[in-house]
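Chemist: If it helps, the file is called structure_32.cif and holds mmCIF, C-alpha atoms:
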```
data_run
loop_
_atom_site.label_atom_id
_atom_site.label_comp_id
_atom_site.auth_asym_id
_atom_site.auth_seq_id
_atom_site.Cartn_x
_atom_site.Cartn_y
_atom_site.Cartn_z
CA MET A 1 54.35 98.90 125.83
CA ARG A 2 55.41 100.29 129.18
CA GLN A 3 58.98 99.22 129.95
CA THR A 4 59.51 98.13 133.54
CA TRP A 5 62.27 96.59 135.66
CA ARG A 6 62.02 94.18 138.58
CA TRP A 7 63.56 95.47 141.81
CA PHE A 8 63.82 93.43 145.01
CA GLY A 9 63.92 96.40 147.36
CA PRO A 10 66.73 98.04 149.31
CA ALA A 11 68.61 94.73 149.61
CA ASP A 12 68.84 94.47 145.81
CA PRO A 13 72.45 95.13 144.69
CA ILE A 14 70.99 97.07 141.74
CA SER A 15 69.98 100.55 142.85
CA ILE A 16 67.13 102.78 141.72
CA ALA A 17 69.74 105.16 140.29
CA GLU A 18 71.10 102.35 138.11
CA ILE A 19 67.60 101.32 137.01
CA ARG A 20 67.06 104.89 135.77
CA GLN A 21 70.06 104.45 133.47
CA THR A 22 68.59 101.34 131.84
CA GLY A 23 65.82 103.44 130.26
CA ALA A 24 63.05 101.66 132.18
CA GLN A 25 59.96 103.75 132.84
CA GLY A 26 58.57 101.88 135.83
CA VAL A 27 59.45 99.40 138.54
CA VAL A 28 58.05 95.98 139.48
CA SER A 29 58.49 95.22 143.17
CA ALA A 30 56.96 93.66 146.27
CA LEU A 31 57.25 93.49 150.03
CA HIS A 32 59.39 90.37 150.02
CA HIS A 33 60.04 90.54 153.76
CA ILE A 34 56.37 89.93 154.65
CA PRO A 35 55.52 86.19 154.71
CA PRO A 36 52.60 84.81 152.69
CA GLY A 37 49.33 84.95 154.57
CA GLN A 38 50.06 88.21 156.38
CA VAL A 39 48.56 91.63 155.68
CA TRP A 40 50.70 94.17 153.85
CA PRO A 41 50.52 97.27 156.08
CA ALA A 42 49.72 100.55 154.36
CA ALA A 43 52.83 102.12 155.90
CA GLU A 44 55.08 99.45 154.35
CA ILE A 45 53.44 99.91 150.95
CA ALA A 46 53.92 103.69 151.17
CA LEU A 47 57.56 103.18 152.16
CA ARG A 48 58.28 100.94 149.16
CA LYS A 49 56.55 103.43 146.88
CA ALA A 50 58.73 106.24 148.26
CA GLN A 51 61.90 104.12 147.91
CA ILE A 52 61.10 103.73 144.20
CA GLU A 53 59.67 107.10 143.34
CA GLU A 54 61.54 109.46 145.68
CA PRO A 55 64.77 107.88 146.90
CA GLU A 56 66.79 110.31 149.02
CA ASP A 57 63.80 112.69 148.85
CA ALA A 58 64.37 113.45 145.15
CA PRO A 59 62.05 112.29 142.33
CA SER A 60 63.50 109.32 140.43
CA GLY A 61 61.22 109.67 137.42
CA LEU A 62 60.17 106.05 137.98
CA SER A 63 56.84 104.74 139.24
CA TRP A 64 55.84 101.55 141.03
CA ASP A 65 53.78 99.99 138.23
CA VAL A 66 53.32 96.32 139.19
CA VAL A 67 53.32 94.28 142.39
CA GLU A 68 55.24 91.06 141.85
CA SER A 69 54.20 89.24 143.81
CA LEU A 70 51.45 89.40 146.40
CA PRO A 71 52.03 85.73 147.28
CA VAL A 72 49.29 83.15 147.73
CA SER A 73 50.07 80.98 150.75
CA GLU A 74 50.33 77.20 150.70
CA ALA A 75 47.37 77.16 153.09
CA ILE A 76 45.21 78.85 150.43
CA LYS A 77 46.49 76.56 147.67
CA THR A 78 45.70 73.44 149.70
CA ARG A 79 42.68 74.86 151.58
CA THR A 80 44.13 73.66 154.86
CA GLY A 81 45.00 75.26 158.19
CA PRO A 82 44.38 79.01 158.38
CA TRP A 83 43.42 79.39 154.71
CA ARG A 84 40.32 81.48 155.48
CA ASP A 85 42.40 83.89 157.57
CA HIS A 86 44.95 84.09 154.76
CA ILE A 87 42.27 85.01 152.21
CA ALA A 88 41.00 87.69 154.60
CA ALA A 89 44.59 89.01 154.88
CA TYR A 90 44.92 88.96 151.07
CA LYS A 91 41.80 91.11 150.78
CA GLU A 92 43.14 93.59 153.32
CA SER A 93 46.40 93.81 151.39
CA LEU A 94 44.48 94.53 148.19
CA LYS A 95 42.62 97.35 149.92
CA ALA A 96 45.90 98.82 151.19
CA LEU A 97 47.47 98.59 147.73
CA ALA A 98 44.46 100.24 146.11
CA ALA A 99 44.84 103.22 148.41
CA THR A 100 48.46 104.04 147.57
CA GLY A 101 50.10 101.39 145.41
CA PRO A 102 50.12 100.06 141.83
CA GLN A 103 47.01 98.65 140.16
CA VAL A 104 48.50 95.46 138.65
CA ILE A 105 49.00 92.55 141.07
CA CYS A 106 50.95 89.49 139.89
CA TYR A 107 50.77 86.16 141.77
CA ASN A 108 51.18 82.46 141.04
CA PHE A 109 49.47 79.23 142.08
CA MET A 110 52.43 76.84 141.83
CA PRO A 111 52.57 74.21 144.57
CA VAL A 112 55.60 74.41 146.89
CA LEU A 113 58.16 75.72 144.37
CA ASP A 114 57.77 79.16 142.77
CA TRP A 115 60.15 78.15 139.97
CA THR A 116 62.67 75.37 139.40
CA ARG A 117 66.19 75.38 137.93
CA THR A 118 69.01 72.89 138.43
CA ALA A 119 71.77 75.42 137.61
CA LEU A 120 71.57 79.10 138.50
CA ARG A 121 74.77 80.11 136.69
CA HIS A 122 75.38 77.65 133.88
CA PRO A 123 78.51 78.57 131.84
CA LEU A 124 77.90 79.81 128.30
CA PRO A 125 80.36 79.70 125.37
CA HIS A 126 80.87 83.49 125.42
CA GLY A 127 81.94 83.47 129.08
CA GLY A 128 78.68 84.58 130.63
CA THR A 129 76.26 82.41 132.57
CA ALA A 130 72.56 81.53 132.39
CA MET A 131 69.93 79.71 134.41
CA ARG A 132 69.25 76.15 133.26
CA PHE A 133 66.93 73.22 133.94
CA ASP A 134 68.35 69.75 133.31
CA LEU A 135 65.81 66.94 133.70
CA THR A 136 68.48 64.35 134.50
CA ASP A 137 69.93 66.50 137.28
CA PHE A 138 66.43 67.06 138.61
CA ALA A 139 65.79 63.31 138.55
CA LEU A 140 69.05 62.83 140.47
CA PHE A 141 67.77 65.26 143.10
CA ASP A 142 64.28 63.73 143.22
CA ILE A 143 65.28 60.05 143.27
CA HIS A 144 68.60 60.01 145.13
CA LEU A 145 68.78 63.15 147.31
CA LEU A 146 65.19 63.93 148.21
CA ALA A 147 64.39 60.21 147.97
CA ARG A 148 60.71 60.91 147.27
CA PRO A 149 58.69 57.67 147.38
CA GLY A 150 57.85 56.55 143.84
CA ALA A 151 60.01 59.25 142.26
CA ALA A 152 61.71 56.84 139.85
CA ASP A 153 58.36 56.05 138.24
CA ASP A 154 58.15 59.65 136.96
CA TYR A 155 61.22 59.34 134.72
CA PRO A 156 62.12 57.23 131.67
CA GLU A 157 64.60 54.44 132.35
CA SER A 158 67.23 56.24 130.28
CA VAL A 159 66.95 59.33 132.52
CA GLN A 160 67.09 57.18 135.67
CA ALA A 161 70.23 55.44 134.41
CA GLU A 162 71.98 58.69 133.51
CA ALA A 163 71.03 60.23 136.87
CA ALA A 164 72.58 57.29 138.73
CA LYS A 165 75.69 57.57 136.56
CA ARG A 166 76.08 61.28 137.40
CA LEU A 167 75.50 60.87 141.13
CA PRO A 168 79.12 60.24 142.23
CA ASP A 169 80.43 63.35 140.45
CA THR A 170 77.59 65.72 141.42
CA ASP A 171 77.98 68.48 144.00
CA SER A 172 74.87 67.39 145.89
CA GLY A 173 74.84 70.36 148.22
CA GLN A 174 74.92 72.84 145.34
CA LEU A 175 72.21 71.01 143.40
CA VAL A 176 69.93 70.99 146.45
CA ALA A 177 70.61 74.71 147.03
CA ASN A 178 69.82 75.53 143.39
CA ILE A 179 66.47 73.73 143.48
CA VAL A 180 65.47 74.90 146.96
CA ALA A 181 66.14 78.49 145.79
CA GLY A 182 62.72 78.30 144.14
CA LEU A 183 60.97 77.97 147.49
CA PRO A 184 59.18 81.20 148.48
CA GLY A 185 61.48 83.04 150.86
CA ALA A 186 64.00 80.20 150.67
CA ASN A 187 67.17 80.58 152.65
CA ASP A 188 69.89 78.42 154.12
CA SER A 189 67.55 77.03 156.77
CA TRP A 190 65.54 74.91 154.32
CA THR A 191 66.36 71.22 154.45
CA LEU A 192 65.34 68.20 152.40
CA GLU A 193 63.14 67.19 155.33
CA ASP A 194 61.36 70.54 155.06
CA VAL A 195 60.68 69.87 151.38
CA ARG A 196 59.35 66.39 152.17
CA GLY A 197 56.98 67.94 154.69
CA LEU A 198 55.70 70.43 152.14
CA LEU A 199 55.07 67.66 149.61
CA LEU A 200 52.97 65.72 152.13
CA ARG A 201 50.36 68.51 152.04
CA TYR A 202 49.62 67.62 148.41
CA GLU A 203 49.21 63.85 148.77
CA GLN A 204 45.43 64.11 148.29
CA ILE A 205 45.45 67.05 145.86
CA ASP A 206 45.38 66.40 142.12
CA ALA A 207 45.23 68.94 139.30
CA ASP A 208 41.42 69.10 139.30
CA ARG A 209 41.30 69.87 143.01
CA LEU A 210 44.12 72.43 142.80
CA ARG A 211 42.31 74.17 139.93
CA ARG A 212 39.10 74.25 141.99
CA ASN A 213 41.07 75.80 144.85
CA LEU A 214 42.44 78.47 142.50
CA ILE A 215 38.99 79.24 141.11
CA ASP A 216 37.54 79.40 144.63
CA PHE A 217 40.33 81.79 145.69
CA LEU A 218 39.67 84.02 142.68
CA GLY A 219 35.93 83.91 143.31
CA LYS A 220 36.62 85.44 146.71
CA VAL A 221 39.26 88.05 145.82
CA ALA A 222 38.64 89.06 142.18
CA PRO A 223 35.29 90.82 142.84
CA LEU A 224 37.01 92.93 145.50
CA ALA A 225 39.91 93.70 143.14
CA GLU A 226 37.40 94.69 140.46
CA SER A 227 35.63 97.08 142.83
CA LEU A 228 38.98 98.63 143.81
CA GLY A 229 40.16 99.12 140.23
CA LEU A 230 42.91 96.51 140.57
CA ARG A 231 43.95 93.88 138.03
CA LEU A 232 45.10 90.46 139.23
CA CYS A 233 47.28 88.42 136.88
CA CYS A 234 48.37 84.82 137.41
CA HIS A 235 51.89 83.81 136.38
CA PRO A 236 52.26 80.47 134.56
CA ASP A 237 53.91 77.40 136.02
CA ASP A 238 57.70 77.49 135.71
CA PRO A 239 58.51 75.09 134.15
CA PRO A 240 55.08 74.26 132.69
CA PHE A 241 54.99 70.55 133.53
CA PRO A 242 54.62 68.45 136.72
CA LEU A 243 57.59 67.99 139.05
CA LEU A 244 57.97 66.15 142.37
CA GLY A 245 54.59 64.50 141.82
CA LEU A 246 52.89 67.90 142.24
CA PRO A 247 49.95 69.06 140.09
CA ARG A 248 50.24 71.99 137.67
CA VAL A 249 47.20 74.00 136.59
CA MET A 250 48.51 77.10 134.75
CA SER A 251 50.78 75.68 132.08
CA ASP A 252 49.13 76.38 128.71
CA LEU A 253 46.39 78.22 126.86
CA SER A 254 43.70 75.71 127.83
CA ASP A 255 44.48 76.24 131.53
CA TYR A 256 44.14 79.99 131.19
CA ARG A 257 40.93 79.65 129.16
CA ALA A 258 39.40 77.53 131.93
CA VAL A 259 40.35 79.82 134.82
CA THR A 260 39.49 83.11 133.12
CA ALA A 261 36.13 81.68 132.01
CA ALA A 262 35.34 80.34 135.48
CA VAL A 263 35.79 83.80 137.05
CA ASP A 264 34.83 85.90 134.07
CA MET A 265 35.68 89.48 134.99
CA PRO A 266 38.44 91.85 133.86
CA ALA A 267 40.15 91.78 137.27
CA ASN A 268 40.91 88.07 136.78
CA GLY A 269 43.78 88.28 134.32
CA ILE A 270 47.03 86.89 133.05
CA THR A 271 50.75 87.42 133.47
CA PHE A 272 51.89 86.44 129.99
CA CYS A 273 55.37 84.97 130.55
CA THR A 274 56.83 83.83 127.23
CA GLY A 275 59.75 82.19 129.03
CA SER A 276 57.65 79.87 131.17
CA LEU A 277 55.00 79.06 128.56
CA GLY A 278 57.62 78.85 125.83
CA VAL A 279 59.28 75.79 127.35
CA ARG A 280 56.40 73.79 125.87
CA ALA A 281 56.91 72.82 122.24
CA ASP A 282 53.21 73.46 121.52
CA PHE A 283 53.29 77.08 122.73
CA ASP A 284 52.01 79.54 120.12
CA PRO A 285 52.41 83.07 121.54
CA VAL A 286 50.44 84.78 118.78
CA ALA A 287 47.51 82.39 119.17
CA PHE A 288 47.59 82.95 122.93
CA VAL A 289 47.44 86.74 122.58
CA GLU A 290 44.70 86.53 119.95
CA ALA A 291 42.65 84.22 122.20
CA LEU A 292 43.05 85.95 125.58
CA GLY A 293 44.67 89.30 124.83
CA PRO A 294 42.03 91.39 126.66
CA ARG A 295 42.90 89.59 129.91
CA ILE A 296 46.68 90.06 129.67
CA HIS A 297 47.59 92.64 132.33
CA PHE A 298 51.36 92.11 132.55
CA VAL A 299 54.03 90.64 130.27
CA HIS A 300 57.35 88.93 130.99
CA LEU A 301 59.39 88.83 127.78
CA ARG A 302 61.90 86.02 128.16
CA ASN A 303 63.20 83.27 125.91
CA THR A 304 64.42 79.72 126.40
CA ARG A 305 66.03 77.08 124.24
CA ARG A 306 64.76 73.51 124.66
CA ASP A 307 67.13 70.55 124.53
CA MET A 308 64.52 68.52 122.64
CA PRO A 309 60.77 68.72 121.95
CA THR A 310 59.72 66.26 124.67
CA ALA A 311 56.90 66.60 127.22
CA ARG A 312 59.42 67.60 129.91
CA PRO A 313 62.45 69.08 128.14
CA GLY A 314 65.61 70.45 129.60
CA PHE A 315 66.11 74.08 128.70
CA THR A 316 68.51 76.99 129.02
CA GLU A 317 67.63 80.67 129.37
CA SER A 318 68.59 82.18 126.00
CA ASP A 319 69.11 85.66 124.65
CA HIS A 320 65.78 87.46 124.47
CA LEU A 321 65.67 87.29 120.66
CA ALA A 322 67.39 83.94 120.17
CA GLY A 323 65.30 81.19 121.81
CA ASP A 324 62.44 78.96 120.68
CA THR A 325 59.81 81.71 120.99
CA ASP A 326 59.49 84.10 118.06
CA MET A 327 59.81 87.33 120.03
CA VAL A 328 59.19 89.62 117.07
CA ALA A 329 55.88 87.92 116.28
CA THR A 330 54.97 87.96 119.98
CA ILE A 331 55.58 91.68 120.33
CA ARG A 332 53.71 92.39 117.10
CA ALA A 333 50.66 90.58 118.53
CA LEU A 334 50.91 92.46 121.83
CA LEU A 335 51.17 95.83 120.06
CA ALA A 336 48.07 94.93 118.04
CA GLU A 337 46.27 94.13 121.30
CA GLN A 338 47.30 97.52 122.68
CA SER A 339 45.95 99.26 119.59
CA ARG A 340 42.66 97.40 119.93
CA ARG A 341 42.38 98.45 123.60
CA GLN A 342 43.21 102.04 122.76
CA ALA A 343 40.49 102.10 120.10
CA GLU A 344 38.07 100.74 122.72
CA GLY A 345 39.00 103.58 125.04
CA ARG A 346 40.41 101.35 127.78
CA ASP A 347 42.35 103.23 130.44
CA ASP A 348 44.73 100.27 130.76
CA TRP A 349 45.52 100.07 127.05
CA GLN A 350 49.29 100.22 127.63
CA ILE A 351 50.57 96.84 128.83
CA PRO A 352 53.48 96.85 131.30
CA MET A 353 56.28 94.51 130.28
CA ARG A 354 59.67 93.71 131.68
CA PRO A 355 62.73 91.88 130.35
CA ASP A 356 62.58 88.68 132.38
CA HIS A 357 65.84 87.08 133.39
CA GLY A 358 69.07 87.66 131.56
CA HIS A 359 72.56 86.28 131.20
CA ASP A 360 75.24 87.30 133.68
CA LEU A 361 77.59 89.36 131.51
CA LEU A 362 80.73 91.43 132.16
CA ASP A 363 80.43 93.08 135.61
CA ASP A 364 77.39 90.93 136.40
CA LEU A 365 79.80 88.05 136.95
CA THR A 366 81.20 89.69 140.09
CA ARG A 367 77.99 91.29 141.39
CA ALA A 368 75.90 89.18 143.77
CA SER A 369 72.54 89.78 142.11
CA GLN A 370 69.46 87.55 142.33
CA PRO A 371 69.80 84.54 139.97
CA GLY A 372 68.36 85.55 136.60
CA TYR A 373 68.25 89.24 137.51
CA PRO A 374 71.61 90.79 136.56
CA LEU A 375 72.03 94.42 135.60
CA ILE A 376 73.89 94.23 132.28
CA GLY A 377 72.25 91.05 131.01
CA ARG A 378 68.76 92.43 131.56
CA MET A 379 69.68 95.85 130.18
CA LYS A 380 70.90 94.12 127.01
CA GLY A 381 67.59 92.27 126.81
CA LEU A 382 65.58 95.45 127.39
CA ALA A 383 67.54 97.24 124.66
CA GLU A 384 66.86 94.42 122.20
CA LEU A 385 63.16 94.36 123.03
CA ARG A 386 62.96 98.15 122.83
CA GLY A 387 64.46 97.95 119.35
CA VAL A 388 61.85 95.45 118.22
CA ILE A 389 59.06 97.63 119.64
CA ALA A 390 60.45 100.71 117.90
CA ALA A 391 60.77 98.92 114.57
CA LEU A 392 57.24 97.46 114.72
CA SER A 393 55.80 100.80 115.80
#
```
Represent the structure of the file as structure tokens.
Modeler:
Amino acid sequence: MRQTWRWFGPADPISIAEIRQTGAQGVVSALHHIPPGQVWPAAEIALRKAQIEEPEDAPSGLSWDVVESLPVSEAIKTRTGPWRDHIAAYKESLKALAATGPQVICYNFMPVLDWTRTALRHPLPHGGTAMRFDLTDFALFDIHLLARPGAADDYPESVQAEAAKRLPDTDSGQLVANIVAGLPGANDSWTLEDVRGLLLRYEQIDADRLRRNLIDFLGKVAPLAESLGLRLCCHPDDPPFPLLGLPRVMSDLSDYRAVTAAVDMPANGITFCTGSLGVRADFDPVAFVEALGPRIHFVHLRNTRRDMPTARPGFTESDHLAGDTDMVATIRALLAEQSRRQAEGRDDWQIPMRPDHGHDLLDDLTRASQPGYPLIGRMKGLAELRGVIAALS
């Protein structure tokens, strides 16, 4: 597998020079400063490519392998407002990327929140920290802070009672900041009123309608991607169950079967994130790869540990080899898929993967990196995964 590393651009406290030392072969990046719905200019794409591949006018030995993400706007997801213009802009961005950029384009179709955690730096016994989702803390946010109408009906009485009990001792501002961090482009200007406004857009949108909107979007952009030699890959819901009364449509194998069958072409593919999918107790990574392996264009290798096997469990980001997902079996299945592709003669037989998330360890604890994206924690994860790949190979 091709070992890659996510980089957030020049503002990332982890430099390209440091990424080289991790042993990564390629970089996963995006133009995070361009809002969803706008065209990615060719000049900006070329600049990001140069920042990765030739920083300070000297070859880095790295390549820009995957775009993560070319975001899908809320207008497209809801088919409201300027959604047609946004699809046109998405197509123009694909054309610009095909001319100079990477061929693998990751995106997601999660309503409002790109991901959700209640703690971004939860203390671990060894002194490091990890990202965590606690359902009771989320219920506290939903019922008491956001005050979403009908929110209490979404939680068992025991969770409601515990949330009310925690309320007096909770740092409400920090909890709101942690959850709002999952908004695309979130910053200090987001308020609870902003979130309420975003939720209103989905009042008449259930899972069936959201899935139709996704399939319609892919029906418009995937044929173009196919003609350009690009591979689109949808990231799963994170976490893979409904929150805030919002629908989820990419949470398990059946969801991916439905969407890949509806737009049945190689360009309509999958970002196989074991961390997101693995929160579900019924996730079988080997069965997933065996069922839809030919459509997997990008892999996030990450692990989580569930609190309990419920429909909506709390979970903590674990060591890459120590969570609920059998990472050795997962990698074995992915290597078998690569061998099958190679025997077929596919040009894209080698699947790009990256160590997704990591614990804050050692110097990470004093470096202001993106939550979940520390240097040492991810390098540890990459080294562990590299060892598994070497052993299985």
Chemist: Would you give me, as CSV, each residue of region 32-114 of chain A having an atom within 12 Å of an atom of region 252-272 of chain A, along with its shortest atom pair and that distance in Å to one decimal, using all atoms listed in the file and sorting by chain and residue number?
Modeler:
```
residue,atom,partner,partner_atom,distance
A:Val66,CA,A:Thr271,CA,10.9
A:Val67,CA,A:Thr271,CA,11.5
A:Glu68,CA,A:Thr271,CA,10.2
A:Ser69,CA,A:Thr271,CA,11.1
A:Gln103,CA,A:Ala267,CA,10.1
A:Val104,CA,A:Ala267,CA,9.2
A:Ile105,CA,A:Thr271,CA,9.3
A:Cys106,CA,A:Thr271,CA,6.7
A:Tyr107,CA,A:Thr271,CA,8.4
A:Asn108,CA,A:Thr271,CA,9.1
A:Phe109,CA,A:Val259,CA,11.7
```
Chemist: Which residue is closest to Gln21 (chain A)? Choose from A:Leu62, A:Asp134, A:Glu203, A:Pro149 and count all atoms listed in the file.
Modeler: A:Leu62
Chemist: I need the residue nearest Arg312 (chain A) from this list: A:Ala181, A:Leu94, A:Ala281, A:Ala88. Use all atoms listed in the file for the distance.
Modeler: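 Residue with the minimum atom-to-atom distance to Arg312 (chain A): A:Ala281.
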Chemist: Of the candidates A:Arg117, A:Ala75, A:Ala177, A:Val159, which shows the shortest atom-to-atom distance to Leu145 (chain A), using only C-alpha atoms?
Modeler: A:Ala177
Chemist: On this structure, the PyMOL selection byres ((chain A and resi 111-113) around 9) would catch which residues? List them as a list of chain:residue names, sorted by chain and number.
Modeler: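 Expected selection for the PyMOL selection byres ((chain A and resi 111-113) around 9) here is A:Glu74, A:Lys77, A:Thr78, A:Phe109, A:Met110, A:Asp114, A:Trp115, A:Thr116, A:Ile179, A:Val180, A:Ala181, A:Gly182, A:Leu183, A:Pro184, A:Val195, A:Leu198, A:Leu199, A:Tyr202, A:Leu210, A:Asp238, A:Leu246, A:Pro247, A:Arg248.
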Chemist: Looking at A:Thr304, A:Ala164, A:Arg79, A:Arg367, which one is nearest to Arg209 (chain A), with distances taken over only C-alpha atoms?
Modeler: A:Arg79
Chemist: Up to 12 Å from (45.3, 88.9, 123.9) in the file's coordinates: name the residues, counting all atoms listed in the file, as a PyMOL selection string.
Modeler: chain A and resi 253+256-257+269-272+285-299+330-341+349+351
Chemist: Would you translate the PyMOL selection byres ((chain A and resi 327) around 10) into the concrete set of residues it matches in this file, as an NGL selection string?
Modeler: :A and (274 or 285-286 or 301-303 or 320-326 or 328-333 or 385 or 388)
Chemist: Rounded to one decimal, what separation in Å do you get between CA of Ala24 (chain A) and CA of Gly358 (chain A)?
Modeler: 15.3 Å
Chemist: As a check of understanding, name the residues that the PyMOL selection byres ((chain A and resi 18) around 12) selects in the supplied structure, as a ChimeraX atom specification.
Modeler: /A:5,7,12-17,19-24,52,60,62,374-376,379
Chemist: Between CA of Val27 (chain A) and CA of Ile389 (chain A), what is the spacing in Å?
Modeler: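 A separation of 19.0 Å between them.
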Chemist: Enclose all atoms of region 116-132 of chain A listed in the file in an axis-aligned box, grow every side by 8 Å, and hand back centre and edge lengths in Å to one decimal, as AutoDock Vina command-line options.
Modeler:
```
--center_x 72.3 --center_y 78.7 --center_z 132.4 --size_x 35.3 --size_y 27.7 --size_z 30.0
```
Chemist: Give me the residues near Leu244 (chain A) as a list in words, where near means some atom within 9 Å (using only C-alpha atoms) and where sequence neighbours in that chain fewer than 4 positions away do not count.
Modeler: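 Result of the neighbour search: Asp142, Arg148, Ala151, Asp154 and Leu199 of chain A.
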Chemist: Of the residues A:Met131, A:Ala58, A:Ala43, A:Leu124, which is the one nearest to Ser93 (chain A), using all atoms listed in the file?
Modeler: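 Looking at the shortest contact to Ser93 (chain A), the residue is A:Ala43.
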Chemist: Report the distance between CA of Asp65 (chain A) and CA of Pro102 (chain A) in Å, rounded to one decimal place.
Modeler: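 Separating CA of Asp65 (chain A) from CA of Pro102 (chain A) is a distance of 5.1 Å.
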Chemist: Out of A:Gly9, A:Gly101, A:Leu243, A:Arg201, which residue has the shortest atom-to-atom distance to Phe138 (chain A) when counting only C-alpha atoms?
Modeler: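 Using only C-alpha atoms, Phe138 (chain A) sits closest to A:Leu243.
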Chemist: Report as a list in words all protein, DNA and RNA residues lying within 10 Å of Glu53 (chain A), evaluated on only C-alpha atoms, omitting residues in the same chain fewer than 2 positions from it.
Modeler: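 The residues satisfying every condition are Ile16, Gly26, Val27, Leu47, Arg48, Lys49, Ala50, Gln51, Pro55, Glu56, Asp57, Ala58, Pro59, Ser60, Gly61, Leu62, Ser63 and Trp64 of chain A.
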Chemist: Please complete region 333-346 of chain A with N, CA and C atoms and give it back as a compact mmCIF listing (two decimals), keeping the file's coordinate frame.
Modeler:
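The resulting part_30.txt:
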```
# COMPACT_ATOMS: atom_id res chain seq x y z
N ALA A 333 52.02 90.92 118.06
CA ALA A 333 50.66 90.58 118.53
C ALA A 333 50.27 91.42 119.74
N LEU A 334 51.20 91.66 120.64
CA LEU A 334 50.91 92.46 121.83
C LEU A 334 50.65 93.93 121.46
N LEU A 335 51.40 94.45 120.51
CA LEU A 335 51.17 95.83 120.06
C LEU A 335 49.80 95.95 119.38
N ALA A 336 49.40 94.91 118.65
CA ALA A 336 48.07 94.93 118.04
C ALA A 336 46.99 94.91 119.11
N GLU A 337 47.22 94.15 120.18
CA GLU A 337 46.27 94.13 121.30
C GLU A 337 46.19 95.50 121.96
N GLN A 338 47.32 96.16 122.13
CA GLN A 338 47.30 97.52 122.68
C GLN A 338 46.50 98.46 121.81
N SER A 339 46.69 98.39 120.51
CA SER A 339 45.95 99.26 119.59
C SER A 339 44.46 99.00 119.68
N ARG A 340 44.08 97.74 119.79
CA ARG A 340 42.66 97.40 119.93
C ARG A 340 42.08 98.01 121.20
N ARG A 341 42.84 97.89 122.32
CA ARG A 341 42.38 98.45 123.60
C ARG A 341 42.25 99.97 123.51
N GLN A 342 43.22 100.58 122.87
CA GLN A 342 43.21 102.04 122.76
C GLN A 342 41.99 102.50 121.97
N ALA A 343 41.67 101.76 120.90
CA ALA A 343 40.49 102.10 120.10
C ALA A 343 39.21 101.92 120.89
N GLU A 344 39.22 100.97 121.84
CA GLU A 344 38.07 100.74 122.72
C GLU A 344 37.93 101.83 123.77
N GLY A 345 39.01 102.56 124.00
CA GLY A 345 39.00 103.58 125.04
C GLY A 345 39.35 103.05 126.42
N ARG A 346 40.03 101.90 126.48
CA ARG A 346 40.41 101.35 127.78
C ARG A 346 41.50 102.20 128.43
```
